[in-house]
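Engineer: Input: one structure, supplied below.
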Amino acid sequence: MKAKDVPQEDSILEGHRRACYALDDSGHYTVVPSRGWEVEKIVNGIANADLREELEQVRQRALAGQASPLEYHMQRRQMTPALLAANTGIWSWRVRRHLRPSIFPALKPAVLARYAAALRVTVEELTRVPTQPE
Amino acid sequence: MTAAFPHRHAAHCESGTIATLLRTRGLDLSEPLVFGIGGGLYFIHVPFVKLGGLPLTAYRIMPRAIIKNLTRRLGIRMHYERFRDADAGMRRLDELLARGVPVGLQSNIYWLTYFPIDMRFQYNGHNMVAYGKRDNDYLISDPVTDVTVTCPADDLKRARFARGGPFPPRGLLYYPEAIPARPQLAPAALAATRKLCKDMLDTPIPILGVRGIRYLANKVENWPAKLGEKRARANVAHVIRMQEEIGTGGAGFRFLYAAFLQEAAGLLNRPALQDISRQLTEVGDRWREFAVLGAQLCKGKESSASVYPRLAQLLRQCADDEQRVFTDLRAAL
């Protein structure tokens with residue numbers, strides 16, 4: 001790739017620039033900052049669209065009472081039950097149990113506080129899901 | 001020192017971080033040289049290890065191996081510390097920064113809010129340099145950002161002490177303890193290059209090195225039938241993200257390694273490496289073609305049935321070309 005061919009397209013970088021290695025006019029490699037590449041935007045978009053779609057499904061299920069708000073906030077942080085367990089120090093089987101909409105409302109404040117801290121939300125936020133997609 | 005930290009923009013977080021740490025201690029090596037001597041290049045496709053439900057594909061070696069290889073080959077002694085307790089880990093960082101020691105940190109990229117939101121995911125293998133603290137913000141020289149950034153203390157604490165998943169950082173911090181006055185660059189570069197040729201060409205395991213690229217080609221061809229169109233696209237997108245998005249300098253580190261070969265040509269006094277660098281650049285351009293075609297598929301521009309065989313064909317060409325490049329490279333050493 002030549003330096004002049006390094007893509008400078010609108011992408012996901014939000015004004016950041018990424019270092020690309022490319023050849024200058026004399027054929028030497030040099031670092032060329034790139035504003036972004038459409039290819040990146042497309043493939044990143046696929047991954048993030050999937051995440052958003054999953055999150056929205058959880059939100060809908062939570063509003064319908066079929067999922068707990070905890071599951072929504074876990075998903076929002078791109079976590080799995082195993083990851084949430086590791087980050088709260090609560091056993092995995094307990095986390096999975098706490099995710100059930102029938103169990104979640106009965107959780108003690110101390111347990112809620114641990115989940116809230118690990119997910120960086122307030123306890124108040126943790127017990128609700130947004131009425132609109134974020 | 002906070003006003004004029006010698007930040008340098010790099011393609012890859014690990015090579016950039018160790019290069020920055022060494023530079024602040026008076027050993028100024030380019031990122032390509034660090035990447036080459038650290039043996040950073042590789043290829044691996046592991047269908048049975050999943051990241052976010054997608055098969056692991058990497059164009060480089062394991063996290064932290066670049067730092068380990070580089071420091072071992074150059075005789076640099078590193079200091080590593082991990083922490084059981086997050087507060088103790090933050091206090092220790094503050095202490096080092098107060099003494100003016102720039103510190104390398106391993107972190108989970110999801111919690112680093114100075115990155116664009118769409119690039120943040122639960123991944124524990126990010127590296128950067130902390131070089132100071134102002135009020136409640138850390139001053140960070142993150143090699144993959146073009147300028148220095150600041151990071152709120154709570155972000156950094158979460159990033160350093162994220163638990164679970166592969167390679168949990170456990171607060172890892174590191175800095176060079178002793179650097180030889182005249183590190184032997186040429187023998188180190190030679191040893192690293194020989195090792196890479198061996199790893200790329202001679203592996204008995206079909207998912208590694210050049211064989212791994214062919215293995216991926218076969219998989220790609222079968223994805224639509226096996227997984228359905230949507231999952232197949234997601235898999236292709238994931239491979240391309242690993243190749244381009246995560247900070248590779250372009251073409252899955254192939255351009256970065258070609259830059260190393262240019263530098264090594266002079267260092268080792270082997271002019272033939274210039275030509276091999278040129279060949280590897282061409283392979284890199286082909287990897288970029290693969291990315292472009294894959295992205296067109298993801299965007300729905302291409303009628304999909306015909307695209308997967310073409311993607312596989314490009315991958316097989318990349319494999320054949322890399323086989324030739326590394327065979328020539330070995331002969332030239």
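To be explicit about the labels: the chains of the structure tokens are called A, B, and onward in the order shown, and within each one the residues are counted from 1, while ligands get numbers from 1 in the order they are shown.
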Any chance you could list, as a ChimeraX atom specification, the residues in stretch 123-250 of chain B that come up helix (DSSP H, G or I) when DSSP is run on the backbone?

Structural biologist: /B:153-160,185-201,209-227,229-245

Engineer: Would you mind listing, for every residue of chain A within 7 Å of chain B, the two atoms forming the shortest contact and the distance between them in Å to one decimal, using only C-alpha atoms, sorted by chain and ascending residue number, as a tab-separated table?

Structural biologist:
residue	atom	partner	partner_atom	distance
A:Met1	CA	B:Asp285	CA	6.2
A:Ile12	CA	B:Asp118	CA	6.7
A:Leu13	CA	B:Pro116	CA	6.1
A:Glu14	CA	B:Pro116	CA	6.2
A:His16	CA	B:Thr145	CA	6.6
A:Arg17	CA	B:Asp146	CA	5.9
A:Arg18	CA	B:Val144	CA	6.5
A:Ala19	CA	B:Ala11	CA	4.9
A:Cys20	CA	B:Gly249	CA	4.1
A:Tyr21	CA	B:Gly249	CA	5.2
A:Ala22	CA	B:Phe255	CA	7.0
A:Tyr29	CA	B:Ala259	CA	5.4
A:Val39	CA	B:Ala295	CA	5.5
A:Glu40	CA	B:Glu245	CA	6.0
A:Ile42	CA	B:Ala295	CA	6.1
A:Val43	CA	B:Ala237	CA	4.7
A:Asn44	CA	B:Arg241	CA	6.8
A:Ile46	CA	B:Ala234	CA	6.5
A:Ala47	CA	B:Ala234	CA	6.8
A:Asn48	CA	B:Asp118	CA	6.9
A:Gln78	CA	B:Gln122	CA	6.6
A:Leu83	CA	B:Gly164	CA	5.1
A:Ala86	CA	B:Gly164	CA	5.1
A:Asn87	CA	B:Arg163	CA	5.2

Engineer: Any chance you could list, as an MDAnalysis selection string, the residues in chain A that come up strand (DSSP E) when DSSP is run on the backbone?

Structural biologist: chainID A and resid 18:23 29:34

Engineer: So the first atom is atom CA of A:Thr88 and the second is atom CA of B:Asn127; what is the distance between them in Å, to one decimal place?

Structural biologist: 23.8 Å

Engineer: Record the distance separating atom CA of A:Ile103 and atom CA of A:Glu124, expressed in Å with one decimal.

Structural biologist: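 Between atom CA of A:Ile103 and atom CA of A:Glu124 the gap works out to 17.2 Å.
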